[in-house]
file final.cif (mmCIF, C-alpha atoms)
data_my_file
loop_
_atom_site.label_atom_id
_atom_site.label_comp_id
_atom_site.auth_asym_id
_atom_site.auth_seq_id
_atom_site.Cartn_x
_atom_site.Cartn_y
_atom_site.Cartn_z
CA MET A 7 -16.97 -14.02 26.05
CA THR A 8 -17.65 -16.02 22.95
CA GLU A 9 -16.96 -19.70 22.65
CA THR A 10 -14.15 -19.21 20.18
CA THR A 11 -12.37 -16.88 22.53
CA THR A 12 -12.63 -19.37 25.37
CA SER A 13 -11.34 -22.20 23.24
CA MET A 14 -8.50 -20.01 22.01
CA GLN A 15 -7.53 -19.25 25.56
CA ASN A 16 -7.37 -22.93 26.36
CA ALA A 17 -5.54 -23.89 23.21
CA PRO A 18 -1.81 -24.54 23.57
CA HIS A 19 0.49 -21.86 22.21
CA ASP A 20 0.93 -22.30 18.47
CA CYS A 21 3.82 -20.26 17.03
CA ASP A 22 2.73 -20.73 13.41
CA LYS A 23 -0.71 -19.43 14.19
CA VAL A 24 0.70 -16.46 16.08
CA MET A 25 3.02 -15.61 13.17
CA LYS A 26 0.05 -15.34 10.84
CA GLN A 27 -1.80 -13.14 13.28
CA ILE A 28 1.14 -10.79 13.77
CA GLU A 29 1.03 -9.52 10.20
CA LEU A 30 -2.74 -9.02 10.44
CA ALA A 31 -2.39 -7.19 13.74
CA LEU A 32 0.26 -4.83 12.41
CA ASP A 33 -1.91 -4.13 9.38
CA GLY A 34 -4.81 -3.24 11.67
CA GLN A 35 -6.90 -6.18 10.49
CA LEU A 36 -7.65 -7.83 13.83
CA ASN A 37 -10.66 -6.96 15.92
CA ALA A 38 -10.07 -5.81 19.49
CA THR A 39 -10.71 -9.24 21.03
CA ASP A 40 -8.33 -11.05 18.69
CA GLU A 41 -5.71 -8.39 19.16
CA GLN A 42 -5.91 -8.70 22.94
CA GLN A 43 -5.65 -12.44 22.56
CA LEU A 44 -2.59 -12.10 20.36
CA LEU A 45 -0.84 -9.74 22.75
CA LYS A 46 -1.49 -12.22 25.53
CA SER A 47 -0.01 -15.12 23.60
CA LEU A 48 3.05 -13.02 22.79
CA GLU A 49 3.70 -12.74 26.51
CA ASP A 50 3.88 -16.52 26.69
CA CYS A 51 6.54 -16.96 24.05
CA ASN A 52 9.82 -15.10 23.66
CA TYR A 53 10.24 -16.32 20.12
CA CYS A 54 6.90 -14.89 19.05
CA MET A 55 7.42 -11.68 20.99
CA ASN A 56 10.75 -11.21 19.28
CA LYS A 57 9.18 -11.83 15.86
CA TYR A 58 6.45 -9.35 16.64
CA HIS A 59 8.99 -6.61 17.32
CA ILE A 60 10.99 -7.51 14.23
CA GLU A 61 7.91 -7.35 12.03
CA LYS A 62 6.83 -4.11 13.66
CA SER A 63 10.15 -2.39 13.06
CA PHE A 64 10.26 -3.82 9.53
CA LYS A 65 6.91 -2.25 8.72
CA GLU A 66 8.03 1.06 10.22
CA LEU A 67 11.24 0.88 8.23
CA ILE A 68 9.33 0.39 4.99
CA ILE A 69 6.99 3.25 5.77
CA SER A 70 9.83 5.60 6.58
CA SER A 71 11.68 4.69 3.39
CA ILE A 72 8.79 5.62 1.09
CA LYS A 73 8.88 9.33 0.58
CA LYS A 74 5.60 11.20 0.84
CA LYS A 75 5.13 13.70 -1.94
CA CYS A 76 3.14 16.89 -2.31
CA ALA A 77 1.09 17.47 -5.42
CA PRO A 78 2.68 20.51 -7.12
CA GLN A 79 0.57 23.67 -7.01
CA ASN A 80 0.71 24.08 -10.80
CA LEU A 81 -0.88 20.63 -11.14
CA ILE A 82 -3.78 21.62 -8.88
CA ASP A 83 -4.21 24.91 -10.74
CA GLN A 84 -4.17 23.12 -14.07
CA ILE A 85 -6.82 20.63 -12.96
CA LYS A 86 -9.06 23.41 -11.68
CA SER A 87 -8.67 25.41 -14.84
CA ILE A 88 -9.46 22.46 -17.11
CA ILE A 89 -12.56 21.71 -15.08
CA SER A 90 -13.82 25.26 -15.18
CA THR A 91 -13.32 25.55 -18.94
CA GLN A 92 -14.22 22.05 -20.16
CA PHE A 93 -17.04 21.15 -17.88
CA LYS A 94 -19.57 23.93 -18.18
CA ALA A 95 -22.94 23.78 -16.56
CA MET B 24 -30.74 30.08 -10.57
CA LYS B 25 -30.98 27.43 -13.27
CA ALA B 26 -31.09 23.78 -12.23
CA THR B 27 -27.95 23.04 -14.25
CA ASP B 28 -26.05 25.75 -12.41
CA GLU B 29 -27.16 24.28 -9.13
CA LEU B 30 -25.99 20.84 -10.23
CA LYS B 31 -22.65 22.22 -11.33
CA ARG B 32 -22.23 23.92 -7.98
CA THR B 33 -22.93 20.69 -6.11
CA LYS B 34 -20.37 18.87 -8.25
CA ASP B 35 -17.79 21.56 -7.69
CA THR B 36 -18.34 21.43 -3.96
CA ILE B 37 -17.87 17.66 -3.86
CA PHE B 38 -14.78 17.99 -6.01
CA GLU B 39 -13.31 20.73 -3.87
CA LYS B 40 -14.18 19.29 -0.45
CA GLU B 41 -14.02 15.53 -0.97
CA PHE B 42 -11.66 14.92 -3.89
CA LEU B 43 -8.95 17.58 -3.91
CA PRO B 44 -7.84 16.98 -0.30
CA HIS B 45 -6.47 13.61 -1.49
CA ALA B 46 -4.18 15.18 -4.09
CA ASP B 47 -0.98 14.65 -2.10
CA ALA B 48 -1.76 11.01 -1.33
CA LEU B 49 -2.65 10.38 -4.99
CA TYR B 50 0.51 12.11 -6.14
CA THR B 51 2.62 10.00 -3.76
CA PHE B 52 0.97 6.83 -5.06
CA ALA B 53 1.39 7.91 -8.70
CA PHE B 54 5.01 8.83 -8.17
CA HIS B 55 5.89 5.51 -6.59
CA LEU B 56 4.14 3.64 -9.39
CA THR B 57 5.90 5.48 -12.20
CA TYR B 58 9.02 7.00 -10.63
CA LYS B 59 8.71 10.00 -12.89
CA GLU B 60 7.39 13.37 -11.76
CA GLU B 61 6.05 13.98 -15.24
CA ASP B 62 4.08 10.73 -15.33
CA ALA B 63 2.83 11.23 -11.78
CA HIS B 64 1.63 14.68 -12.82
CA ASP B 65 -0.29 13.33 -15.83
CA LEU B 66 -1.65 10.39 -13.90
CA VAL B 67 -3.04 12.55 -11.12
CA GLN B 68 -4.49 15.02 -13.60
CA ASP B 69 -6.21 12.23 -15.56
CA THR B 70 -7.51 10.78 -12.32
CA PHE B 71 -9.13 14.03 -11.21
CA LEU B 72 -10.62 14.73 -14.62
CA LYS B 73 -12.10 11.24 -14.77
CA ALA B 74 -13.39 11.63 -11.23
CA TYR B 75 -15.12 14.84 -12.24
CA ARG B 76 -16.55 13.32 -15.39
CA PHE B 77 -17.95 10.36 -13.48
CA ILE B 78 -18.89 12.29 -10.38
CA ASP B 79 -22.52 11.13 -10.75
CA SER B 80 -21.46 7.58 -9.92
CA TYR B 81 -19.82 8.77 -6.71
CA ILE B 82 -22.05 8.95 -3.65
CA ALA B 83 -21.24 12.05 -1.62
CA GLY B 84 -19.84 11.36 1.80
CA THR B 85 -18.64 7.83 0.98
CA ASN B 86 -15.05 6.64 0.66
CA ALA B 87 -13.74 9.21 -1.81
CA LYS B 88 -10.14 8.31 -1.18
CA ALA B 89 -10.56 4.64 -2.11
CA TRP B 90 -12.67 5.62 -5.12
CA LEU B 91 -9.98 8.01 -6.39
CA PHE B 92 -7.20 5.49 -5.79
CA LYS B 93 -9.13 2.95 -7.82
CA ILE B 94 -9.46 5.38 -10.71
CA LEU B 95 -5.75 6.18 -10.54
CA LYS B 96 -4.76 2.53 -10.40
CA ASN B 97 -6.98 1.66 -13.39
CA THR B 98 -5.65 4.61 -15.36
CA PHE B 99 -2.12 3.50 -14.61
CA ILE B 100 -2.81 -0.06 -15.73
CA ASN B 101 -4.62 0.98 -18.91
CA GLU B 102 -2.56 3.89 -20.08
CA TYR B 103 0.80 4.14 -18.40
CA ARG B 104 1.94 0.67 -17.63
CA ARG B 105 2.07 -0.20 -21.29
CA LYS B 106 4.07 2.81 -22.36
CA SER B 107 6.36 3.13 -19.36
CA LYS B 108 9.27 0.80 -19.81
CA GLU B 109 9.66 -0.88 -16.54
CA PRO B 110 13.06 -2.50 -16.36
CA ASN B 111 12.23 -4.37 -13.19
CA ARG B 112 8.93 -5.69 -14.38
CA VAL B 113 8.68 -9.31 -13.40
CA ASP B 114 5.72 -11.46 -14.20
CA ILE B 115 3.84 -11.80 -10.96
CA ASP B 116 3.39 -15.54 -11.45
CA ASP B 117 7.13 -16.04 -11.71
CA VAL B 118 7.59 -14.39 -8.39
CA ALA B 119 4.65 -16.22 -6.92
CA ALA B 120 6.13 -19.55 -7.95
CA TYR B 121 9.48 -18.53 -6.56
CA GLN B 122 8.03 -17.68 -3.17
CA ASP B 123 4.71 -19.33 -2.80
CA VAL B 124 5.36 -20.58 0.69
CA ASP B 125 2.85 -19.03 2.96
CA ASP B 126 4.44 -20.56 6.00
CA ALA B 127 5.60 -18.50 8.88
CA SER B 128 9.10 -19.93 8.96
CA SER B 129 9.85 -18.18 5.69
CA VAL B 130 9.46 -14.93 7.55
CA GLY B 131 12.81 -14.47 8.98
CA ASN B 132 16.36 -15.59 8.91
CA LEU B 133 17.25 -12.00 9.25
CA ASP B 134 16.97 -9.97 12.38
CA LEU B 135 15.92 -6.73 10.81
CA ARG B 136 16.34 -4.80 13.99
CA GLU B 137 20.00 -5.64 14.22
CA GLU B 138 21.17 -5.89 10.66
CA VAL B 139 18.92 -3.72 8.63
CA VAL B 140 18.00 -0.95 10.95
CA GLN B 141 21.52 -0.53 12.18
CA GLY B 142 23.39 -1.43 9.05
CA LEU B 143 21.34 -0.47 6.07
CA ILE B 144 20.14 3.05 6.09
CA GLY B 145 17.15 4.38 4.19
CA ASP B 146 18.68 4.33 0.71
CA GLU B 147 18.89 0.55 0.49
CA VAL B 148 15.35 0.15 1.72
CA THR B 149 14.10 2.70 -0.78
CA LYS B 150 16.03 0.86 -3.48
CA ALA B 151 14.48 -2.44 -2.45
CA VAL B 152 10.98 -0.97 -2.55
CA ASN B 153 11.69 0.45 -6.01
CA GLU B 154 12.80 -2.95 -7.20
CA LEU B 155 9.60 -4.67 -6.16
CA PRO B 156 7.41 -5.68 -9.10
CA VAL B 157 4.67 -3.11 -9.43
CA ASP B 158 1.84 -5.41 -8.29
CA PHE B 159 3.66 -6.04 -5.03
CA ARG B 160 4.67 -2.42 -4.64
CA THR B 161 1.04 -1.41 -5.10
CA VAL B 162 -0.22 -3.39 -2.10
CA ILE B 163 2.65 -2.15 0.08
CA LEU B 164 1.88 1.44 -0.85
CA LEU B 165 -1.83 1.02 -0.22
CA CYS B 166 -1.44 -0.83 3.06
CA ASP B 167 1.69 0.59 4.67
CA VAL B 168 1.76 4.13 3.33
CA GLU B 169 -1.95 4.89 2.99
CA GLY B 170 -3.29 2.61 5.69
CA PHE B 171 -6.12 1.17 3.59
CA SER B 172 -7.77 -1.94 5.03
CA TYR B 173 -7.45 -5.26 3.18
CA GLU B 174 -11.06 -4.88 2.11
CA GLU B 175 -10.44 -1.44 0.62
CA ILE B 176 -7.31 -2.69 -1.13
CA ALA B 177 -9.29 -5.61 -2.55
CA LYS B 178 -11.72 -3.14 -4.12
CA ILE B 179 -9.04 -0.79 -5.40
CA VAL B 180 -6.93 -3.53 -6.98
CA ASP B 181 -9.82 -5.81 -7.97
CA ILE B 182 -8.57 -8.92 -6.24
CA PRO B 183 -10.08 -11.05 -3.45
CA VAL B 184 -9.24 -10.12 0.16
CA GLY B 185 -7.32 -13.40 0.57
CA THR B 186 -5.11 -12.43 -2.35
CA VAL B 187 -4.43 -9.03 -0.77
CA ARG B 188 -3.21 -10.82 2.31
CA SER B 189 -0.96 -13.27 0.49
CA ARG B 190 0.34 -10.64 -1.88
CA LEU B 191 1.34 -8.42 1.04
CA HIS B 192 3.04 -11.35 2.70
CA ARG B 193 4.96 -12.18 -0.47
CA ALA B 194 5.86 -8.55 -1.06
CA ARG B 195 7.35 -8.34 2.41
CA ASN B 196 9.26 -11.58 2.01
CA LEU B 197 10.61 -10.32 -1.27
CA LEU B 198 11.71 -7.09 0.38
CA LYS B 199 13.43 -9.04 3.12
CA ASP B 200 15.26 -11.12 0.52
CA LEU B 201 16.38 -8.00 -1.30
CA LEU B 202 17.56 -6.42 1.93
CA ARG B 203 19.32 -9.59 2.98
CA ASN B 204 21.20 -9.56 -0.32
CA TYR B 205 22.19 -5.92 0.12
CA ALA B 206 23.29 -6.69 3.64
CA LYS B 207 25.49 -9.51 2.37
CA THR B 208 26.96 -7.38 -0.40
CA LEU B 209 27.74 -4.69 2.09
CA GLY B 210 29.49 -7.20 4.29
CA TYR B 211 27.12 -7.56 7.17
CA LYS B 212 27.25 -11.00 8.69
CA GLU B 213 24.23 -13.21 8.65
CA LYS B 214 23.15 -14.04 12.12
CA ARG B 215 22.08 -17.59 11.52
#

call {"tool": "encode", "arguments": {"input": "final.cif", "output": "structure tokens"}}
result
Amino acid sequence: MTETTTSMQNAPHDCDKVMKQIELALDGQLNATDEQQLLKSLEDCNYCMNKYHIEKSFKELIISSIKKKCAPQNLIDQIKSIISTQFKA
Amino acid sequence: MKATDELKRTKDTIFEKEFLPHADALYTFAFHLTYKEEDAHDLVQDTFLKAYRFIDSYIAGTNAKAWLFKILKNTFINEYRRKSKEPNRVDIDDVAAYQDVDDASSVGNLDLREEVVQGLIGDEVTKAVNELPVDFRTVILLCDVEGFSYEEIAKIVDIPVGTVRSRLHRARNLLKDLLRNYAKTLGYKEKR
């Protein structure tokens, strides 16, 4: 265990700090130790836990509302044909 | 076989195996930047042709996806953004000034689980995303849809990692505001 981790464990629960970490966690930007730490502090605070779930479903909502597209086949064919005619060895 | 033929074959292999598999992701990104199939088509085509032309500066086996996204984003900025009339274009500094509070309390007066998820169905959310200024939409697309890390986004967009983080935060707050307004218009009660 590193010193920072120990001091974090002893630090009193800080909602503002947790809020900032939630966004990072959901974006996959926390390392495993910090993520564990965050999940533990969520257990200690209903307010933060609630926020975590709100932010999580918000992110999922955004993802599901952005339609994934497929590149049309004629586009791929066109690109390949331009490359084979314009870029000769 | 001539050395030039060999070189051409190597390039074609990289193109085929490392670049083309990202066509759908690039097309999705291009479409959500321009909102026109025609522009997305041109943008993706330009991106691949540039990638081929500059293939020597790409190191095989590295992050092709991020490299291609950077080319697409630069092409968009340089060639399309100017010509495409974007009715919702807002100067990013205006928005930044309007919502420059990086404090956690600005996160939520709205319980998105209750009001948005239950009340507002997909269309409103899609509309809100479309209304985001393009710089904000870009980071949402790169982070939420494509799952790029902040560091990769920083390289693609050419901004510091700290700016990626704050821009994402602002983009999300802006989306929440838009959704809150829709919710009000549609007659859903505010909780608090």

call {"tool": "axis_aligned_box", "arguments": {"input": "final.cif", "around": "stretch 36-47 of chain A", "padding_each_side": "8 Å", "output": "lines of an AutoDock Vina configuration file"}}
result
center_x = -5.4
center_y = -10.5
center_z = 19.7
size_x = 26.7
size_y = 25.3
size_z = 27.7

call {"tool": "residues_around", "arguments": {"input": "final.cif", "residues": "B:Lys88", "least_positions_apart": "5", "cutoff": "12 Å", "atoms": "all atoms listed in the file", "output": "ChimeraX atom specification"}}
result
/B:38,40-49,52,70-71,74,81,83,93-95,165,169-171,175-176,178-179

call {"tool": "closest_atom_pairs", "arguments": {"input": "final.cif", "of": "chain A", "to": "chain B", "cutoff": "9 Å", "atoms": "all atoms listed in the file", "output": "JSON lines"}}
result
{"residue": "A:Cys21", "atom": "CA", "partner": "B:Ala127", "partner_atom": "CA", "distance": 8.5}
{"residue": "A:Asp22", "atom": "CA", "partner": "B:Ala127", "partner_atom": "CA", "distance": 5.8}
{"residue": "A:Lys23", "atom": "CA", "partner": "B:Ala127", "partner_atom": "CA", "distance": 8.3}
{"residue": "A:Val24", "atom": "CA", "partner": "B:Ala127", "partner_atom": "CA", "distance": 8.9}
{"residue": "A:Met25", "atom": "CA", "partner": "B:Ala127", "partner_atom": "CA", "distance": 5.8}
{"residue": "A:Lys26", "atom": "CA", "partner": "B:Ala127", "partner_atom": "CA", "distance": 6.7}
{"residue": "A:Glu29", "atom": "CA", "partner": "B:His192", "partner_atom": "CA", "distance": 8.0}
{"residue": "A:Leu30", "atom": "CA", "partner": "B:Arg188", "partner_atom": "CA", "distance": 8.3}
{"residue": "A:Asp33", "atom": "CA", "partner": "B:Cys166", "partner_atom": "CA", "distance": 7.1}
{"residue": "A:Gly34", "atom": "CA", "partner": "B:Ser172", "partner_atom": "CA", "distance": 7.4}
{"residue": "A:Gln35", "atom": "CA", "partner": "B:Ser172", "partner_atom": "CA", "distance": 7.0}
{"residue": "A:Lys57", "atom": "CA", "partner": "B:Gly131", "partner_atom": "CA", "distance": 8.2}
{"residue": "A:His59", "atom": "CA", "partner": "B:Arg136", "partner_atom": "CA", "distance": 8.3}
{"residue": "A:Ile60", "atom": "CA", "partner": "B:Arg136", "partner_atom": "CA", "distance": 6.0}
{"residue": "A:Glu61", "atom": "CA", "partner": "B:Leu135", "partner_atom": "CA", "distance": 8.1}
{"residue": "A:Ser63", "atom": "CA", "partner": "B:Arg136", "partner_atom": "CA", "distance": 6.7}
{"residue": "A:Phe64", "atom": "CA", "partner": "B:Leu135", "partner_atom": "CA", "distance": 6.5}
{"residue": "A:Lys65", "atom": "CA", "partner": "B:Asp167", "partner_atom": "CA", "distance": 7.2}
{"residue": "A:Glu66", "atom": "CA", "partner": "B:Asp167", "partner_atom": "CA", "distance": 8.4}
{"residue": "A:Leu67", "atom": "CA", "partner": "B:Val140", "partner_atom": "CA", "distance": 7.5}
{"residue": "A:Ile68", "atom": "CA", "partner": "B:Val148", "partner_atom": "CA", "distance": 6.9}
{"residue": "A:Ile69", "atom": "CA", "partner": "B:Val168", "partner_atom": "CA", "distance": 5.8}
{"residue": "A:Ser70", "atom": "CA", "partner": "B:Gly145", "partner_atom": "CA", "distance": 7.8}
{"residue": "A:Ser71", "atom": "CA", "partner": "B:Thr149", "partner_atom": "CA", "distance": 5.2}
{"residue": "A:Ile72", "atom": "CA", "partner": "B:Thr149", "partner_atom": "CA", "distance": 6.3}
{"residue": "A:Lys73", "atom": "CA", "partner": "B:Thr51", "partner_atom": "CA", "distance": 7.6}
{"residue": "A:Lys74", "atom": "CA", "partner": "B:Thr51", "partner_atom": "CA", "distance": 5.6}
{"residue": "A:Lys75", "atom": "CA", "partner": "B:Thr51", "partner_atom": "CA", "distance": 4.8}
{"residue": "A:Cys76", "atom": "CA", "partner": "B:Asp47", "partner_atom": "CA", "distance": 4.7}
{"residue": "A:Ala77", "atom": "CA", "partner": "B:Asp47", "partner_atom": "CA", "distance": 4.8}
{"residue": "A:Pro78", "atom": "CA", "partner": "B:His64", "partner_atom": "CA", "distance": 8.2}
{"residue": "A:Leu81", "atom": "CA", "partner": "B:His64", "partner_atom": "CA", "distance": 6.7}
{"residue": "A:Ile82", "atom": "CA", "partner": "B:Ala46", "partner_atom": "CA", "distance": 8.0}
{"residue": "A:Gln84", "atom": "CA", "partner": "B:Gln68", "partner_atom": "CA", "distance": 8.1}
{"residue": "A:Ile85", "atom": "CA", "partner": "B:Gln68", "partner_atom": "CA", "distance": 6.1}
{"residue": "A:Ile88", "atom": "CA", "partner": "B:Leu72", "partner_atom": "CA", "distance": 8.2}
{"residue": "A:Ile89", "atom": "CA", "partner": "B:Leu72", "partner_atom": "CA", "distance": 7.3}
{"residue": "A:Phe93", "atom": "CA", "partner": "B:Arg76", "partner_atom": "CA", "distance": 8.2}
{"residue": "A:Lys94", "atom": "CA", "partner": "B:Lys31", "partner_atom": "CA", "distance": 7.7}
{"residue": "A:Ala95", "atom": "CA", "partner": "B:Lys31", "partner_atom": "CA", "distance": 5.5}

call {"tool": "atom_distance", "arguments": {"input": "final.cif", "atom1": "atom CA of A:Thr39", "atom2": "atom CA of B:Val180"}}
result
28.8 Å

call {"tool": "residues_around", "arguments": {"input": "final.cif", "residues": "A:Leu48", "least_positions_apart": "4", "cutoff": "8 Å", "atoms": "only C-alpha atoms", "output": "PyMOL selection string"}}
result
chain A and resi 24+44+52+54-55+58

call {"tool": "atom_distance", "arguments": {"input": "final.cif", "atom1": "atom CA of B:Val162", "atom2": "atom CA of B:Arg190"}}
result
7.3 Å

call {"tool": "closest_residue", "arguments": {"input": "final.cif", "among": "A:Gln27, A:Ser87, A:Asn80, A:Gln92", "to": "A:Ser47", "atoms": "only C-alpha atoms"}}
result
A:Gln27

call {"tool": "atom_distance", "arguments": {"input": "final.cif", "atom1": "atom CA of A:Gln43", "atom2": "atom CA of B:Ala194"}}
result
26.6 Å
